[in-house]
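What follows is a single structure, written as structure tokens, with notes after it.
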Amino acid sequence: NNNNNNNNNNNAPRRVLPACVNIGNLTPSRDGAPSLLLFREVETFFHEFGHACHCVLTNSRHSLHSWAWSAVPWPGGVEQDFLEVPSMMLENFVWTPEVLRRLSRNVADGSQLPELTIGALSESRFRMTGYAKCKYLAMSLYDLKVHGGSGPYYEFEGKEYDAVSLYNVMIEKYTGIAPMPDSFSAASWFHLMMGYDAGYYGYIYSETFAADLFSKFEELSRENKSVLDVDLGKKYRDKILSPCATTDGEVMLLDFLGREPSKDAFLASRI
């Protein structure tokens with residue numbers, strides 16, 4: 001009987017906790033002094049930590065339906081235009097005055113950033129967003145173009161270009177600003193060749209969904225309540241992060257928002 005019991009226990013399903021590592025090229029400490037991160041590095045950390053939360057908080061039974069980063073070519077994972085939702089959602093918090101007060105510290109006296117600086121930093125988030133979004137969309141269209149053709153030449157507006165000249169032509173077309181002569185910044189563009197193939201456009205979808213989700217936290221702020229609300233955070237974990245690929249992204253959004261997802265929050269904050 002004891003042997004049978006042992007066999008039954010060994011065959012019983014067991015939960016294997018997911019493992020996730022963020023490897024970042026952040027400002028290191030020097031000469032024994034604390035590492036002082038640039039603000040954009042803090043934003044990047046929050047972004048990547050959003051991915052980590054998505055990974056480790058999964059409650060899916062099978063790894064195939066887990067977070068399983070769909071940008072890397074293996075089966076499973078959430079939809080690619082939903083993949084960046086948790087990361088871009090978490091970015092939003094870095095820009096709120098409430099969180100900036102908690103994050104910022106002077107290493108000499110422990111004081112936080114002055115309120116004037118916090119306000120100015122928070123309000124600066126979408127400066128130059130018109131150019132930034134035009135360049136992003138140009139890169140997304142380039143991504144679709146090169147992955148939709150066999151190369152080495154690609155047709156664009158009635159002319160043929162190689163990969164380098166096509167990129168520069170498309171950037172100038174959609175931003176109105178020509179790249180530096182003899183440059184090809186796409187050579188350092190990681191996403192183009194690492195698994196996002198023809199899926200770079202998904203960032204704008206994810207950013208729109210993330211803004212809609214974050215609008216629920218912003219409602220608390222407008223009511224003079226904390227954006228770091230435990231109950232709403234728990235709901236976000238249960239409805240958006242934990243299901244991972246066991247549920248369609250659209251269903252998760254409906255479940256959390258209680259309505260159809262909307263682009264209104266995205267547009268209102270960037271126009």
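Every chain in the structure tokens takes a letter, A first, then B, and so on in the order presented; its residues are numbered from 1, and the ligands are numbered from 1 following the presented order.
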
For this session: May I have all residues of range 2-247 of chain A that DSSP, computed from the backbone, assigns to strand (DSSP E), given as a ChimeraX atom specification?
Result: /A:154-156,159-161

Can I get the selection written as a short mmCIF file (atom, residue, chain, number, x, y, z; two decimals), in the first residue's frame, with N, CA and C atoms?
data_model
loop_
_atom_site.label_atom_id
_atom_site.label_comp_id
_atom_site.auth_asym_id
_atom_site.auth_seq_id
_atom_site.Cartn_x
_atom_site.Cartn_y
_atom_site.Cartn_z
N TYR A 154 12.64 46.12 -53.22
CA TYR A 154 11.26 46.25 -52.77
C TYR A 154 10.62 47.45 -53.46
N GLU A 155 9.39 47.28 -53.89
CA GLU A 155 8.68 48.35 -54.58
C GLU A 155 8.00 49.27 -53.57
N PHE A 156 8.16 50.56 -53.77
CA PHE A 156 7.49 51.54 -52.91
C PHE A 156 7.18 52.77 -53.75
N LYS A 159 8.62 52.79 -57.36
CA LYS A 159 10.06 52.65 -57.56
C LYS A 159 10.58 51.46 -56.77
N GLU A 160 11.75 50.98 -57.17
CA GLU A 160 12.37 49.86 -56.47
C GLU A 160 13.56 50.35 -55.64
N TYR A 161 13.67 49.78 -54.43
CA TYR A 161 14.74 50.16 -53.52
C TYR A 161 15.34 48.91 -52.88
#

Show me, as JSON lines, the residues of range 35-148 of chain A having an atom within 10 Å of range 216-239 of chain A, each with the closest atom pair and its distance in Å, using only C-alpha atoms.
{"residue": "A:Cys53", "atom": "CA", "partner": "A:Arg237", "partner_atom": "CA", "distance": 8.9}
{"residue": "A:His54", "atom": "CA", "partner": "A:Arg237", "partner_atom": "CA", "distance": 8.6}
{"residue": "A:Leu57", "atom": "CA", "partner": "A:Arg237", "partner_atom": "CA", "distance": 7.6}
{"residue": "A:Thr58", "atom": "CA", "partner": "A:Arg237", "partner_atom": "CA", "distance": 9.2}
{"residue": "A:Asn59", "atom": "CA", "partner": "A:Asp238", "partner_atom": "CA", "distance": 9.1}
{"residue": "A:Pro86", "atom": "CA", "partner": "A:Tyr236", "partner_atom": "CA", "distance": 9.7}
{"residue": "A:Asn92", "atom": "CA", "partner": "A:Glu218", "partner_atom": "CA", "distance": 9.9}
{"residue": "A:Phe93", "atom": "CA", "partner": "A:Val227", "partner_atom": "CA", "distance": 8.1}
{"residue": "A:Thr96", "atom": "CA", "partner": "A:Val227", "partner_atom": "CA", "distance": 8.5}
{"residue": "A:Glu98", "atom": "CA", "partner": "A:Ser226", "partner_atom": "CA", "distance": 7.6}
{"residue": "A:Val99", "atom": "CA", "partner": "A:Leu228", "partner_atom": "CA", "distance": 8.4}

Please write the residues from the selection above to a file, keeping C-alpha atoms, as a PDB file, in the first residue's frame.
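Once everything was written out, this is selection_36.pdb:
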ATOM      1  CA  CYS A  53       4.897  40.155 -14.052  1.00  0.00           C
ATOM      2  CA  HIS A  54       3.007  38.720 -17.013  1.00  0.00           C
ATOM      3  CA  LEU A  57       1.777  35.589 -12.458  1.00  0.00           C
ATOM      4  CA  THR A  58       0.350  33.118 -14.961  1.00  0.00           C
ATOM      5  CA  ASN A  59      -2.196  30.631 -13.661  1.00  0.00           C
ATOM      6  CA  PRO A  86       1.398  44.511 -19.602  1.00  0.00           C
ATOM      7  CA  ASN A  92       2.215  54.589 -17.262  1.00  0.00           C
ATOM      8  CA  PHE A  93       2.799  54.536 -13.521  1.00  0.00           C
ATOM      9  CA  THR A  96       2.408  59.858 -12.370  1.00  0.00           C
ATOM     10  CA  GLU A  98       2.345  60.009  -6.935  1.00  0.00           C
ATOM     11  CA  VAL A  99       4.804  57.356  -8.110  1.00  0.00           C
TER      12      VAL A  99
END

For this session: Name the residues of range 50-136 of chain A that come out as helix (DSSP H, G or I) in a backbone DSSP run; write them as an MDAnalysis selection string.
Result: chainID A and resid 50:56 63:65 85:94 97:103 115:123 129:136

Exercise. Residues at most 12 Å from Thr246 in chain A, counting only C-alpha atoms, excluding those fewer than 4 positions away in the same chain, as an MDAnalysis selection string?
Worked result: chainID A and resid 58:68 76:79 239:242 250:252

Those selected residues, please, written with C-alpha atoms and delivered as a PDB file, in the first residue's frame.
ATOM      1  CA  THR A  58       0.350  33.118 -14.961  1.00  0.00           C
ATOM      2  CA  ASN A  59      -2.196  30.631 -13.661  1.00  0.00           C
ATOM      3  CA  SER A  60      -2.387  28.609 -16.883  1.00  0.00           C
ATOM      4  CA  ARG A  61      -2.179  24.848 -16.530  1.00  0.00           C
ATOM      5  CA  HIS A  62       0.118  24.343 -19.520  1.00  0.00           C
ATOM      6  CA  SER A  63       3.196  26.311 -20.526  1.00  0.00           C
ATOM      7  CA  LEU A  64       1.838  26.496 -24.073  1.00  0.00           C
ATOM      8  CA  HIS A  65      -0.937  28.744 -22.741  1.00  0.00           C
ATOM      9  CA  SER A  66       1.382  30.697 -20.503  1.00  0.00           C
ATOM     10  CA  TRP A  67       2.915  34.066 -21.237  1.00  0.00           C
ATOM     11  CA  ALA A  68       5.326  32.272 -23.646  1.00  0.00           C
ATOM     12  CA  GLY A  76       1.955  29.450 -27.800  1.00  0.00           C
ATOM     13  CA  GLY A  77       1.765  32.749 -26.030  1.00  0.00           C
ATOM     14  CA  VAL A  78      -0.665  35.648 -26.155  1.00  0.00           C
ATOM     15  CA  GLU A  79      -1.549  37.418 -29.396  1.00  0.00           C
ATOM     16  CA  LYS A 239      -8.279  39.685 -15.325  1.00  0.00           C
ATOM     17  CA  ILE A 240      -5.287  40.671 -17.505  1.00  0.00           C
ATOM     18  CA  LEU A 241      -2.054  39.105 -16.281  1.00  0.00           C
ATOM     19  CA  SER A 242      -2.926  35.712 -14.849  1.00  0.00           C
ATOM     20  CA  GLU A 250     -10.231  41.025 -26.357  1.00  0.00           C
ATOM     21  CA  VAL A 251     -12.126  38.938 -23.805  1.00  0.00           C
ATOM     22  CA  MET A 252      -9.690  39.935 -21.060  1.00  0.00           C
TER      23      MET A 252
END

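Nearest-residue note for Gln80 in chain A: choosing from A:Gly202, A:Leu121, A:Lys145, A:Phe256, the minimum distance belongs to A:Gly202, counting only C-alpha atoms.
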
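Between CA of Pro18 in chain A and CA of Ala52 in chain A lies a distance of 9.9 Å.
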
Exercise. Suppose you want the space between CA of Glu91 in chain A and CA of Thr44 in chain A; what is it in Å?
Worked result: 7.6 Å

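Within 12 Å of range 172-177 of chain A, once only C-alpha atoms are used and residues closer than 5 positions along the same chain are dropped, the contacting residues are Met128, Thr129, Gly130, Tyr131, Ala132, Lys133, Cys134, Lys135, Tyr136, Leu137, Ala138, Met139, Ser140, Leu141, Tyr142, Phe156, Glu157, Ser165, Leu166 and Tyr167 of chain A.
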
Let's have the selection written as a PDB file, in the first residue's frame, with C-alpha atoms.
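Saved the output as part.pdb:
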ATOM      1  CA  MET A 128       7.360  65.458 -29.697  1.00  0.00           C
ATOM      2  CA  THR A 129       4.892  62.571 -29.753  1.00  0.00           C
ATOM      3  CA  GLY A 130       3.774  63.503 -33.273  1.00  0.00           C
ATOM      4  CA  TYR A 131       7.225  62.892 -34.725  1.00  0.00           C
ATOM      5  CA  ALA A 132       7.830  59.848 -32.528  1.00  0.00           C
ATOM      6  CA  LYS A 133       4.611  58.160 -33.595  1.00  0.00           C
ATOM      7  CA  CYS A 134       5.164  59.001 -37.278  1.00  0.00           C
ATOM      8  CA  LYS A 135       8.610  57.419 -37.127  1.00  0.00           C
ATOM      9  CA  TYR A 136       7.262  54.378 -35.305  1.00  0.00           C
ATOM     10  CA  LEU A 137       4.515  53.918 -37.903  1.00  0.00           C
ATOM     11  CA  ALA A 138       7.051  54.341 -40.718  1.00  0.00           C
ATOM     12  CA  MET A 139       9.173  51.610 -39.156  1.00  0.00           C
ATOM     13  CA  SER A 140       6.118  49.380 -38.784  1.00  0.00           C
ATOM     14  CA  LEU A 141       5.268  49.827 -42.463  1.00  0.00           C
ATOM     15  CA  TYR A 142       8.888  49.098 -43.390  1.00  0.00           C
ATOM     16  CA  PHE A 156       7.495  51.543 -52.908  1.00  0.00           C
ATOM     17  CA  GLU A 157       5.408  54.214 -54.636  1.00  0.00           C
ATOM     18  CA  SER A 165      17.443  53.025 -49.294  1.00  0.00           C
ATOM     19  CA  LEU A 166      13.867  51.819 -48.728  1.00  0.00           C
ATOM     20  CA  TYR A 167      14.134  52.444 -44.993  1.00  0.00           C
TER      21      TYR A 167
END

For this session: Find the residues near Ser124 in chain A: any atom within 12 Å, counting only C-alpha atoms, skip ones fewer than 4 places away on the same chain, and give them as a PyMOL selection string.
Result: chain A and resi 95-96+117-120+128-129+269-270

Residues of the last selection are to be written out with C-alpha atoms, as a CSV table (one decimal), in the first residue's frame.
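Output (part02.csv):
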chain,number,residue,atom,x,y,z
A,95,TRP,CA,5.0,59.2,-15.1
A,96,THR,CA,2.4,59.9,-12.4
A,117,THR,CA,10.2,69.2,-11.3
A,118,ILE,CA,7.8,66.3,-10.8
A,119,GLY,CA,5.0,68.3,-12.4
A,120,ALA,CA,7.2,69.3,-15.3
A,128,MET,CA,7.4,65.5,-29.7
A,129,THR,CA,4.9,62.6,-29.8
A,269,SER,CA,-3.5,61.9,-23.7
A,270,ARG,CA,-1.5,62.4,-26.9

Problem set entry | One-decimal distance in Å that lies between CA of Ile23 in chain A and CA of Ala245 in chain A | 24.1 Å

Val107 in chain A environment, 10 Å, only C-alpha atoms, sequence neighbours closer than 5 positions dropped, as a compact mmCIF listing (two decimals) with N, CA, C and O atoms, in the first residue's frame:
# COMPACT_ATOMS: atom_id res chain seq x y z
N ALA A 33 29.56 54.14 -5.01
CA ALA A 33 28.37 54.99 -4.90
C ALA A 33 27.16 54.23 -5.47
O ALA A 33 27.31 53.36 -6.32
N PRO A 34 25.95 54.56 -5.00
CA PRO A 34 24.75 53.89 -5.54
C PRO A 34 24.59 54.16 -7.03
O PRO A 34 25.04 55.19 -7.54
N SER A 35 23.97 53.24 -7.71
CA SER A 35 23.65 53.44 -9.12
C SER A 35 22.53 54.47 -9.22
O SER A 35 21.49 54.33 -8.58
N LEU A 36 22.75 55.51 -10.00
CA LEU A 36 21.75 56.55 -10.20
C LEU A 36 21.21 56.41 -11.62
O LEU A 36 21.89 56.74 -12.59
N GLN A 112 13.02 64.00 -1.92
CA GLN A 112 12.45 63.64 -3.21
C GLN A 112 12.60 64.80 -4.18
O GLN A 112 13.01 65.90 -3.80

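Every protein, DNA or RNA residue with an atom at most 10 Å from Leu253 in chain A, where only C-alpha atoms count and chain neighbours fewer than 3 positions away do not, is listed here: Phe209, Ala210, Asp212, Leu213, Tyr236, Lys239, Ile240, Asp248, Gly249, Glu250, Phe256, Leu257, Gly258, Arg259, Glu260, Pro261 and Ser262 of chain A.
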